[in-house]
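> Shown below is the structure under consideration.
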Amino acid sequence: MKNKVLVSSKKQITENRLIKVAVAQGDGIGPEIMKATLSILKAANAPIEPEYIRLGEQVYLSGNSAGIDKKAWKIINENKIIFKAPITTPQGKGFKSLNVTLRKSLGLFANVRPVNALHPYVNTHFPEMDVVIIRENEEDLYAGIEHQQTEDVVQCLKLITRPGCEKIVRYAFEYARVYNRRKVTCMVKDNIMKLTDGLFHRVFKEIAAEYPEIESNSQIIDIGSAKLAAHPEDYDVIVTTNLYGDIISDIAAEIAGSVGMAGSANIGTNVAMFEAIHGSAPDIAGQNIANPSGLLNAAVMMLAHLGQREIADKIKNAWLATIEDGYHTADIYQKEISLEKVGTSQFAEEVIKRLGKFPSFFIASNLREGSGNIQIADYKRLPSKKELVGVDVFIDWQGNDPELIGKTLSAVKSYNLKLKMITNRGVKVFPEGRKETYCTDHWRCRFVSESADIFKPMPIYGSINFEQVVALLSKLNNTGFDVIKTENLYEFDGRRGFSLGQGE
Ligand code: NAI
Ligand code: MG
């Protein structure tokens with residue numbers, strides 16, 4: 001097969017064995033930018049052996065809604081490293097996002113996106129910008145667990161786990177350490193989501209303490225993303241949960257100037273995937289005008305991840321020198337600054353000519369020894385005492401008088417359980433709600449032990465057992481209430497494991 005072995009001559013492989021990589025050439029501009037990128041890797045003696053896999057449009061259109069077939073899975077399982085050009089997701093319903101499929105099935109927990117300005121060669125308002133966004137990639141609202149519960153109400157479960165937080169936060173600090181970064185910023189919304197985002201923040205503080213040489217700070221995501229958009233030069237590494245990371249990584253790429261420039265990595269414990277951040281650009285496909293820089297930067301990240309730091313530096317520096325020398329593809333071409341507008345393959349040739357050269361204007365890439373070898377220790381669960389102290393029963397009720405449902409529920413006699421309060425969309429409406437609060441058909445009714453002392457500022461709940469919950473549900477059902485779900489209330493080592501209602 002053509003291109004099968006990039007470094008074919010044994011002489012060229014002085015110290016490195018060949019590393020097999022599953023390569024997807026992608027759709028649209030994919031094959032052109034992949035060819036250009038691989039030609040640079042080959043010229044730089046990167047010890048990479050591509051094994052080609054088919055992903056994307058053709059696979060989707062052959063009737064496979066996942067966009068990936070068994071043969072590709074087999075090669076991925078064997079090679080553990082995926083280098084992927086962008087693919088086209090056909091329009092229409094029923095096609096699953098290939099990226100989501102790959103991330104979830106391969107446990108690619110960290111999405112790493114470095115974005116830096118290349119001013120004045122790439123137009124940006126933020127010439128000093130140099131940010132790496134490390135986004136948790138598997139959990140949060142992206143678990144995709146959604147339900148319609150009543151006529152009015154749908155829900156999406158936001159799942160944040162301690163092992164998930166520990167992995168991503170530790171990855172961020174280890175990344176900062178091996179890639180010479182000075183600061184890690186955590187962005188969450190734990191003033192509102194005290195349990196979920198609160199856990200992420202708590203883990204961040206715990207782990208930050210283990211890296212005293214790296215500066216750390218935290219920001220609430222709303223002001224954090226606003227500040228990132230206005231002063232990106234103030235940030236170094238940002239670590240955050242899935243949804244916030246999705247949003248701020250696009251903000252960062254956009255304000256840096258060009259979608260054609262940035263690469264990204266999806267890192268797992270056993271497998272990693274590298275790709276450009278842009279899509280398959282069908283509008284310019286087949287014209288030899290696409291910018292291969294995003295994919296090339298992904299290749300540099302892959303080499304760094306594989307511990308090939310010298311070759312990663314060599315390619316990155318040749319690329320920076322090419323940009324500085326004014327050889328620009330159409331997407332970044334500027335009449336006053338560029339020397340020549342070049343096509344995809346010519347750009348690659350200019351990079352190859354500069355292998356071994358250093359940039360003079362930009363800071364040269366100089367990876368630290370040991371970069372890429374980021375090992376995250378296995379999670380160890382600490383045992384805690386878990387005690388059931390109540391239950392939230394969610395009821396579909398089409399009335400609109402909180403006093404009526406509150407008094408009816410209070411009158412239900414169920415062994416050792418009493419109604420503590422009712423909320424609607426999280427706001428307490430019984431006892432002592434306000435007339436102005438808008439009520440939907442979705443009532444969260446909190447039951448606790450008969451003996452609970454709930455009027456103290458720090459209520460003492462008292463334990464209940466699950467049989468009592470089952471008996472309560474049966475009573476409610478017999479009384480005609482439409483129970484749509486329950487959520488048990490636990491204390492862990494005496495600490496409350498549930499949020500209070502607003503106004504509770
Ligand atoms: P896109 O990123 O492909 O294109 C947006 C604009 O940027 C277009 O004008 C395009 O010409 C330009 N552009 C993108 N990459 C460029 C490059 N390397 N050089 C020069 N110009 C470049 O986004 P779009 O149009 O929304 O999506 C097109 C297809 O790509 C869709 O089918 C989408 O599903 C897919 N896609 C795939 C991704 C992946 O495989 N990781 C990521 C994003 C989109
Ligand atoms: Mg996105």
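Identifiers in the structure tokens: chain A, B, ... in order shown; residue index from 1 per chain; ligand index from 1 in order shown.
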Residues of region 112-193 of chain A that approach region 338-359 of chain A to 12 Å or less, counting only C-alpha atoms: could you list each one with the shortest pair of atoms and its distance in Å to one decimal, rows by chain and increasing residue number, as CSV?


residue,atom,partner,partner_atom,distance
A:Leu118,CA,A:Pro359,CA,11.9
A:Pro120,CA,A:Ser338,CA,10.0
A:Tyr121,CA,A:Ser338,CA,7.4
A:Val122,CA,A:Ser338,CA,9.9
A:Asn123,CA,A:Ser338,CA,11.7

> With N, CA, C and O atoms retained, write the just-selected residues as a compact mmCIF listing (two decimals), in the first residue's frame.


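File produced: part_18.txt:
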# COMPACT_ATOMS: atom_id res chain seq x y z
N LEU A 118 -1.34 34.11 16.29
CA LEU A 118 -0.16 34.15 15.43
C LEU A 118 -0.09 35.52 14.78
O LEU A 118 0.20 35.66 13.60
N PRO A 120 1.33 39.02 13.71
CA PRO A 120 0.37 39.67 12.80
C PRO A 120 0.00 38.80 11.59
O PRO A 120 -0.74 39.24 10.73
N TYR A 121 0.52 37.57 11.58
CA TYR A 121 0.32 36.75 10.37
C TYR A 121 -1.12 36.24 10.28
O TYR A 121 -1.62 35.98 9.19
N VAL A 122 -1.74 36.06 11.43
CA VAL A 122 -3.17 35.75 11.45
C VAL A 122 -3.83 36.88 12.24
O VAL A 122 -3.41 37.20 13.35
N ASN A 123 -4.83 37.47 11.60
CA ASN A 123 -5.46 38.65 12.17
C ASN A 123 -6.23 38.31 13.45
O ASN A 123 -7.09 37.45 13.44

> Extract, using only C-alpha atoms, all DNA, RNA and protein residues at most 10 Å from Pro86 (chain A), discarding same-chain residues fewer than 5 positions from it, and format them as an MDAnalysis selection string.

chainID A and resid 24:31 33:34 55:56 275:281 295

> Could those residues be written to a file, using N, CA, C and O atoms, as a short mmCIF file (atom, residue, chain, number, x, y, z; two decimals), in the first residue's frame?


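Contents of again_29.cif, freshly written:
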data_model
loop_
_atom_site.label_atom_id
_atom_site.label_comp_id
_atom_site.auth_asym_id
_atom_site.auth_seq_id
_atom_site.Cartn_x
_atom_site.Cartn_y
_atom_site.Cartn_z
N ALA A 24 -7.48 8.16 9.62
CA ALA A 24 -8.71 8.33 8.84
C ALA A 24 -8.53 9.55 7.95
O ALA A 24 -8.26 10.65 8.44
N GLN A 25 -8.66 9.34 6.64
CA GLN A 25 -8.40 10.45 5.71
C GLN A 25 -9.56 11.43 5.63
O GLN A 25 -9.40 12.53 5.12
N GLY A 26 -10.73 11.02 6.09
CA GLY A 26 -11.84 11.94 6.23
C GLY A 26 -12.52 12.28 4.91
O GLY A 26 -12.27 11.65 3.88
N ASP A 27 -13.37 13.29 4.98
CA ASP A 27 -14.17 13.71 3.82
C ASP A 27 -13.82 15.16 3.48
O ASP A 27 -13.12 15.84 4.21
N GLY A 28 -14.40 15.65 2.38
CA GLY A 28 -14.19 17.05 1.99
C GLY A 28 -12.70 17.33 1.79
O GLY A 28 -12.01 16.63 1.04
N ILE A 29 -12.19 18.31 2.54
CA ILE A 29 -10.76 18.64 2.43
C ILE A 29 -9.88 17.62 3.14
O ILE A 29 -8.65 17.70 3.06
N GLY A 30 -10.50 16.68 3.85
CA GLY A 30 -9.75 15.70 4.66
C GLY A 30 -8.57 15.07 3.93
O GLY A 30 -7.42 15.17 4.38
N PRO A 31 -8.82 14.37 2.80
CA PRO A 31 -7.71 13.67 2.12
C PRO A 31 -6.57 14.62 1.72
O PRO A 31 -5.40 14.24 1.83
N ILE A 33 -5.60 17.58 3.15
CA ILE A 33 -4.80 18.06 4.29
C ILE A 33 -4.09 16.90 4.97
O ILE A 33 -2.99 17.07 5.51
N MET A 34 -4.68 15.70 4.90
CA MET A 34 -4.00 14.53 5.49
C MET A 34 -2.74 14.20 4.67
O MET A 34 -1.67 13.94 5.24
N LEU A 55 -13.82 6.06 7.92
CA LEU A 55 -14.80 6.62 8.85
C LEU A 55 -15.60 7.66 8.08
O LEU A 55 -15.09 8.24 7.13
N GLY A 56 -16.81 7.92 8.53
CA GLY A 56 -17.49 9.10 8.03
C GLY A 56 -18.49 8.86 6.93
O GLY A 56 -19.19 7.85 6.89
N GLU A 275 -6.98 15.44 16.06
CA GLU A 275 -7.65 15.96 14.86
C GLU A 275 -7.59 17.48 14.84
O GLU A 275 -7.25 18.11 15.84
N ALA A 276 -7.92 18.06 13.68
CA ALA A 276 -8.06 19.52 13.58
C ALA A 276 -9.38 19.90 14.24
O ALA A 276 -10.25 19.06 14.40
N ILE A 277 -9.52 21.18 14.59
CA ILE A 277 -10.81 21.56 15.21
C ILE A 277 -11.88 21.86 14.16
O ILE A 277 -13.05 21.83 14.45
N HIS A 278 -11.45 22.13 12.93
CA HIS A 278 -12.44 22.51 11.92
C HIS A 278 -13.10 21.28 11.30
O HIS A 278 -12.69 20.15 11.55
N GLY A 279 -14.11 21.53 10.48
CA GLY A 279 -14.82 20.45 9.81
C GLY A 279 -14.25 20.17 8.43
O GLY A 279 -13.13 20.58 8.10
N SER A 280 -15.05 19.47 7.61
CA SER A 280 -14.55 18.96 6.33
C SER A 280 -14.60 19.99 5.20
O SER A 280 -14.22 19.69 4.07
N ALA A 281 -15.09 21.20 5.50
CA ALA A 281 -15.09 22.33 4.56
C ALA A 281 -15.46 21.91 3.13
O ALA A 281 -14.66 22.12 2.20
N LEU A 295 -4.57 20.29 11.13
CA LEU A 295 -4.25 18.87 11.20
C LEU A 295 -2.77 18.67 11.55
O LEU A 295 -2.41 17.77 12.30
#

> Pick the closest to ligand 1 from A:Lys189, A:Lys84, A:Lys335, A:Lys158: which is it, counting only C-alpha atoms and all ligand atoms?

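Counting only C-alpha atoms and all ligand atoms, the residue closest to ligand 1 is A:Lys84.
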
> As a list of chain:residue names, please: every protein or nucleic acid residue near ligand 2 (cut-off 7 Å, counting only C-alpha atoms and all ligand atoms).

A:Asp246, A:Ile247, A:Asp250

> May I have the residues within 7 Å of Ala46 (chain A) as a list of chain:residue names, using only C-alpha atoms and disregarding those fewer than 4 positions away in the same chain?

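Once the nearby chain positions are removed, what remains is A:Leu41, A:Lys42, A:Ile311.
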
> Please report, as a PyMOL selection string, each residue of region 8-248 of chain A to which DSSP assigns strand (DSSP E or B) when run on this structure's backbone.

chain A and resi 19-24+48-53+55+68+81-84+110-116+130-136+140+146-148+154-156+159+183-188+215-220+237-240

> Determine the nearest neighbour of Pro282 (chain A) from the options A:Ile87, A:Ile405, A:Ala330, A:Ile133, counting only C-alpha atoms.

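For Pro282 (chain A), the nearest of the given residues is A:Ile87.
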
> Considering only C-alpha atoms, state which residue in the set A:Val23, A:Ala110, A:Val237, A:Ile332 is at the smallest distance from Ile289 (chain A).

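Under the stated criterion, the closest residue is A:Ile332.
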
> Please list as a PyMOL selection string every residue within 10 Å of Tyr60 (chain A), counting only C-alpha atoms and excluding residues in the same chain fewer than 3 positions away.

chain A and resi 55-57+63-69+88-90+94-96+98

> Go ahead and save the residues from that selection, with all heavy atoms, as a tab-separated table (two decimals), in the first residue's frame.


chain	number	residue	atom	x	y	z
A	55	LEU	N	-13.82	6.06	7.92
A	55	LEU	CA	-14.80	6.62	8.85
A	55	LEU	C	-15.60	7.66	8.08
A	55	LEU	O	-15.09	8.24	7.13
A	55	LEU	CB	-14.11	7.40	9.97
A	55	LEU	CG	-13.19	6.75	10.98
A	55	LEU	CD1	-12.68	7.83	11.92
A	55	LEU	CD2	-13.93	5.70	11.77
A	56	GLY	N	-16.81	7.92	8.53
A	56	GLY	CA	-17.49	9.10	8.03
A	56	GLY	C	-18.49	8.86	6.93
A	56	GLY	O	-19.19	7.85	6.89
A	57	GLU	N	-18.54	9.83	6.00
A	57	GLU	CA	-19.64	9.94	5.06
A	57	GLU	C	-19.96	8.64	4.32
A	57	GLU	O	-21.09	8.18	4.33
A	57	GLU	CB	-19.34	11.05	4.05
A	57	GLU	CG	-20.57	11.51	3.30
A	57	GLU	CD	-20.30	12.74	2.45
A	57	GLU	OE1	-19.14	12.96	2.05
A	57	GLU	OE2	-21.28	13.48	2.19
A	63	GLY	N	-25.34	2.92	5.05
A	63	GLY	CA	-26.43	2.44	5.90
A	63	GLY	C	-26.00	2.20	7.34
A	63	GLY	O	-26.78	1.73	8.15
A	64	ASN	N	-24.75	2.55	7.66
A	64	ASN	CA	-24.25	2.38	9.02
A	64	ASN	C	-24.42	3.71	9.76
A	64	ASN	O	-23.68	4.66	9.52
A	64	ASN	CB	-22.77	1.96	8.91
A	64	ASN	CG	-22.11	1.77	10.26
A	64	ASN	OD1	-22.47	2.42	11.23
A	64	ASN	ND2	-21.15	0.87	10.32
A	65	SER	N	-25.40	3.77	10.69
A	65	SER	CA	-25.75	5.07	11.28
A	65	SER	C	-24.67	5.58	12.24
A	65	SER	O	-24.69	6.73	12.65
A	65	SER	CB	-27.09	4.97	12.01
A	65	SER	OG	-26.95	4.13	13.14
A	66	ALA	N	-23.71	4.72	12.61
A	66	ALA	CA	-22.65	5.16	13.52
A	66	ALA	C	-21.47	5.77	12.77
A	66	ALA	O	-20.64	6.46	13.37
A	66	ALA	CB	-22.18	3.99	14.37
A	67	GLY	N	-21.36	5.53	11.47
A	67	GLY	CA	-20.26	6.10	10.68
A	67	GLY	C	-18.93	5.40	10.88
A	67	GLY	O	-17.88	5.90	10.45
A	68	ILE	N	-18.95	4.26	11.53
A	68	ILE	CA	-17.70	3.51	11.76
A	68	ILE	C	-18.02	2.02	11.70
A	68	ILE	O	-19.03	1.58	12.26
A	68	ILE	CB	-17.03	3.91	13.09
A	68	ILE	CG1	-15.79	3.05	13.37
A	68	ILE	CG2	-17.98	3.84	14.28
A	68	ILE	CD1	-14.89	3.62	14.47
A	69	ASP	N	-17.19	1.24	11.01
A	69	ASP	CA	-17.50	-0.19	10.87
A	69	ASP	C	-16.55	-1.06	11.70
A	69	ASP	O	-15.62	-0.57	12.33
A	69	ASP	CB	-17.51	-0.60	9.40
A	69	ASP	CG	-16.15	-0.38	8.74
A	69	ASP	OD1	-15.14	-0.23	9.46
A	69	ASP	OD2	-16.11	-0.35	7.49
A	88	THR	N	-17.50	14.38	7.13
A	88	THR	CA	-18.79	15.02	6.89
A	88	THR	C	-19.88	14.17	7.51
A	88	THR	O	-19.92	12.96	7.28
A	88	THR	CB	-19.04	15.13	5.36
A	88	THR	OG1	-18.00	15.92	4.79
A	88	THR	CG2	-20.38	15.76	5.06
A	89	THR	N	-20.71	14.81	8.32
A	89	THR	CA	-21.89	14.11	8.83
A	89	THR	C	-23.02	14.43	7.87
A	89	THR	O	-23.39	15.60	7.75
A	89	THR	CB	-22.25	14.58	10.25
A	89	THR	OG1	-21.06	14.56	11.03
A	89	THR	CG2	-23.29	13.69	10.87
A	90	PRO	N	-23.56	13.42	7.16
A	90	PRO	CA	-24.62	13.74	6.18
A	90	PRO	C	-25.81	14.41	6.87
A	90	PRO	O	-26.10	14.11	8.02
A	90	PRO	CB	-25.01	12.37	5.61
A	90	PRO	CG	-23.95	11.43	6.04
A	90	PRO	CD	-23.32	11.98	7.26
A	94	GLY	N	-30.97	10.57	12.13
A	94	GLY	CA	-30.60	9.17	12.31
A	94	GLY	C	-29.11	8.91	12.34
A	94	GLY	O	-28.68	7.85	12.74
A	95	PHE	N	-28.29	9.90	11.89
A	95	PHE	CA	-26.85	9.68	11.94
A	95	PHE	C	-26.32	10.10	13.30
A	95	PHE	O	-26.57	11.21	13.75
A	95	PHE	CB	-26.14	10.47	10.83
A	95	PHE	CG	-26.59	10.08	9.46
A	95	PHE	CD1	-27.33	10.94	8.68
A	95	PHE	CD2	-26.28	8.82	8.95
A	95	PHE	CE1	-27.77	10.58	7.42
A	95	PHE	CE2	-26.71	8.45	7.68
A	95	PHE	CZ	-27.46	9.33	6.91
A	96	LYS	N	-25.58	9.21	13.93
A	96	LYS	CA	-25.04	9.55	15.25
A	96	LYS	C	-23.72	10.26	15.08
A	96	LYS	O	-22.95	9.96	14.16
A	96	LYS	CB	-24.82	8.27	16.06
A	96	LYS	CG	-26.11	7.59	16.42
A	96	LYS	CD	-25.88	6.60	17.56
A	96	LYS	CE	-26.94	5.53	17.54
A	96	LYS	NZ	-26.53	4.32	16.85
A	98	LEU	N	-20.13	10.81	15.16
A	98	LEU	CA	-19.01	9.88	15.26
A	98	LEU	C	-18.06	10.27	16.39
A	98	LEU	O	-17.54	9.40	17.10
A	98	LEU	CB	-18.25	9.87	13.92
A	98	LEU	CG	-17.09	8.91	13.81
A	98	LEU	CD1	-17.53	7.48	14.04
A	98	LEU	CD2	-16.45	9.04	12.44

> Between CA of Phe394 (chain A) and CA of Glu146 (chain A), what is the distance, to one decimal in Å?

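According to the coordinates, CA of Phe394 (chain A) and CA of Glu146 (chain A) are separated by 15.6 Å.
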
> Can you pull out every residue within 7 Å of Ser365 (chain A), counting only C-alpha atoms, but drop anything in the same chain fewer than 5 positions away, and send it as a PyMOL selection string?

chain A and resi 313+316-317

> To one decimal place, how far is CA of Ser371 (chain A) from CA of Arg17 (chain A) in Å?

17.9 Å

> Would you please work out which residue, of A:Pro212, A:Pro431, A:Gly286, A:Pro163, is nearest to Leu199 (chain A) when using only C-alpha atoms?

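Ranked by minimum distance to Leu199 (chain A), first place goes to A:Pro163.
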
> Given the choices A:Thr329, A:Val178, A:Val154, A:Gly245, which gets closest to ligand 1 if the distance is worked out from only C-alpha atoms and all ligand atoms?

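Among the listed residues, A:Thr329 lies closest to ligand 1.
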
> How far is it from CA of Glu51 (chain A) to CA of Ala72 (chain A), in Å with one decimal?

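Spanning CA of Glu51 (chain A) to CA of Ala72 (chain A) is a straight-line distance of 9.8 Å.
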
> Give the alpha helix (DSSP H) residues of region 459-496 of chain A, as DSSP finds them on the backbone, and put them as JSON, numbers by chain.

{"A": [466, 467, 468, 469, 470, 471, 472, 473, 474, 475, 476, 477, 478]}

> Residues near Ala452 (chain A), anyone? I mean within 9 Å using only C-alpha atoms, not counting same-chain ones fewer than 3 positions away, as a VMD selection string.

chain A and resid 389 418 448 to 449 455 459 to 463

> Would you write out those residues with all heavy atoms, as an mmCIF file, in the first residue's frame?


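Below is the file that was written, result.cif:
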data_model
loop_
_atom_site.group_PDB
_atom_site.id
_atom_site.type_symbol
_atom_site.label_atom_id
_atom_site.label_comp_id
_atom_site.auth_asym_id
_atom_site.auth_seq_id
_atom_site.Cartn_x
_atom_site.Cartn_y
_atom_site.Cartn_z
ATOM 1 N N VAL A 389 -32.138 9.436 54.629
ATOM 2 C CA VAL A 389 -32.808 10.323 55.596
ATOM 3 C C VAL A 389 -34.083 10.956 55.035
ATOM 4 O O VAL A 389 -34.703 11.787 55.688
ATOM 5 C CB VAL A 389 -31.850 11.435 56.097
ATOM 6 C CG1 VAL A 389 -30.669 10.846 56.837
ATOM 7 C CG2 VAL A 389 -31.391 12.329 54.944
ATOM 8 N N LYS A 418 -43.119 12.271 57.030
ATOM 9 C CA LYS A 418 -43.984 13.448 56.948
ATOM 10 C C LYS A 418 -43.491 14.369 55.843
ATOM 11 O O LYS A 418 -42.307 14.352 55.497
ATOM 12 C CB LYS A 418 -43.993 14.190 58.294
ATOM 13 C CG LYS A 418 -42.655 14.810 58.654
ATOM 14 C CD LYS A 418 -42.711 15.534 59.992
ATOM 15 C CE LYS A 418 -41.309 16.001 60.388
ATOM 16 N NZ LYS A 418 -41.166 16.324 61.789
ATOM 17 N N VAL A 448 -39.564 13.456 54.974
ATOM 18 C CA VAL A 448 -38.471 13.088 55.884
ATOM 19 C C VAL A 448 -39.062 12.328 57.072
ATOM 20 O O VAL A 448 -40.289 12.213 57.209
ATOM 21 C CB VAL A 448 -37.712 14.351 56.393
ATOM 22 C CG1 VAL A 448 -37.028 15.059 55.235
ATOM 23 C CG2 VAL A 448 -38.660 15.298 57.122
ATOM 24 N N SER A 449 -38.165 11.871 57.921
ATOM 25 C CA SER A 449 -38.592 11.098 59.083
ATOM 26 C C SER A 449 -39.552 11.910 59.964
ATOM 27 O O SER A 449 -39.379 13.116 60.140
ATOM 28 C CB SER A 449 -37.356 10.702 59.884
ATOM 29 O OG SER A 449 -37.734 10.367 61.194
ATOM 30 N N PHE A 455 -37.017 22.363 61.807
ATOM 31 C CA PHE A 455 -37.128 23.810 61.949
ATOM 32 C C PHE A 455 -35.867 24.448 62.473
ATOM 33 O O PHE A 455 -35.792 25.655 62.642
ATOM 34 C CB PHE A 455 -38.352 24.161 62.797
ATOM 35 C CG PHE A 455 -39.616 23.709 62.132
ATOM 36 C CD1 PHE A 455 -40.313 22.610 62.583
ATOM 37 C CD2 PHE A 455 -40.067 24.366 60.989
ATOM 38 C CE1 PHE A 455 -41.459 22.177 61.940
ATOM 39 C CE2 PHE A 455 -41.213 23.940 60.332
ATOM 40 C CZ PHE A 455 -41.916 22.841 60.800
ATOM 41 N N PRO A 459 -31.086 21.428 60.056
ATOM 42 C CA PRO A 459 -32.042 20.387 60.434
ATOM 43 C C PRO A 459 -31.365 19.054 60.733
ATOM 44 O O PRO A 459 -30.367 18.716 60.117
ATOM 45 C CB PRO A 459 -32.935 20.252 59.196
ATOM 46 C CG PRO A 459 -32.597 21.366 58.301
ATOM 47 C CD PRO A 459 -31.294 21.929 58.708
ATOM 48 N N ILE A 460 -31.959 18.335 61.704
ATOM 49 C CA ILE A 460 -31.483 16.971 61.968
ATOM 50 C C ILE A 460 -32.537 16.048 61.378
ATOM 51 O O ILE A 460 -33.715 16.114 61.757
ATOM 52 C CB ILE A 460 -31.317 16.741 63.482
ATOM 53 C CG1 ILE A 460 -30.236 17.680 64.006
ATOM 54 C CG2 ILE A 460 -30.972 15.284 63.782
ATOM 55 C CD1 ILE A 460 -30.222 17.821 65.506
ATOM 56 N N TYR A 461 -32.138 15.231 60.416
ATOM 57 C CA TYR A 461 -33.144 14.489 59.649
ATOM 58 C C TYR A 461 -33.567 13.192 60.316
ATOM 59 O O TYR A 461 -34.737 12.893 60.403
ATOM 60 C CB TYR A 461 -32.623 14.227 58.230
ATOM 61 C CG TYR A 461 -32.590 15.490 57.406
ATOM 62 C CD1 TYR A 461 -31.438 16.267 57.319
ATOM 63 C CD2 TYR A 461 -33.735 15.925 56.748
ATOM 64 C CE1 TYR A 461 -31.418 17.435 56.577
ATOM 65 C CE2 TYR A 461 -33.731 17.105 56.000
ATOM 66 C CZ TYR A 461 -32.568 17.845 55.919
ATOM 67 O OH TYR A 461 -32.556 18.995 55.199
ATOM 68 N N GLY A 462 -32.626 12.394 60.728
ATOM 69 C CA GLY A 462 -32.991 11.086 61.290
ATOM 70 C C GLY A 462 -33.169 10.064 60.177
ATOM 71 O O GLY A 462 -33.650 10.397 59.088
ATOM 72 N N SER A 463 -32.786 8.834 60.472
ATOM 73 C CA SER A 463 -32.752 7.880 59.376
ATOM 74 C C SER A 463 -34.102 7.227 59.130
ATOM 75 O O SER A 463 -34.960 7.141 60.018
ATOM 76 C CB SER A 463 -31.615 6.894 59.622
ATOM 77 O OG SER A 463 -32.056 5.800 60.251
#

> Do you know which residues are at most 10 Å from Lys104 (chain A) counting only C-alpha atoms, after dropping those on the same chain fewer than 6 positions away, and could you put them as an MDAnalysis selection string?

chainID A and resid 98 137:139 142:143 268

> For each of A:Asn180, A:Thr269, A:Ser97, A:Asn77, take the minimum atom-to-atom distance to Val132 (chain A), counting only C-alpha atoms, then give the residue where this is smallest.

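Selected residue with least distance to Val132 (chain A): A:Asn180.
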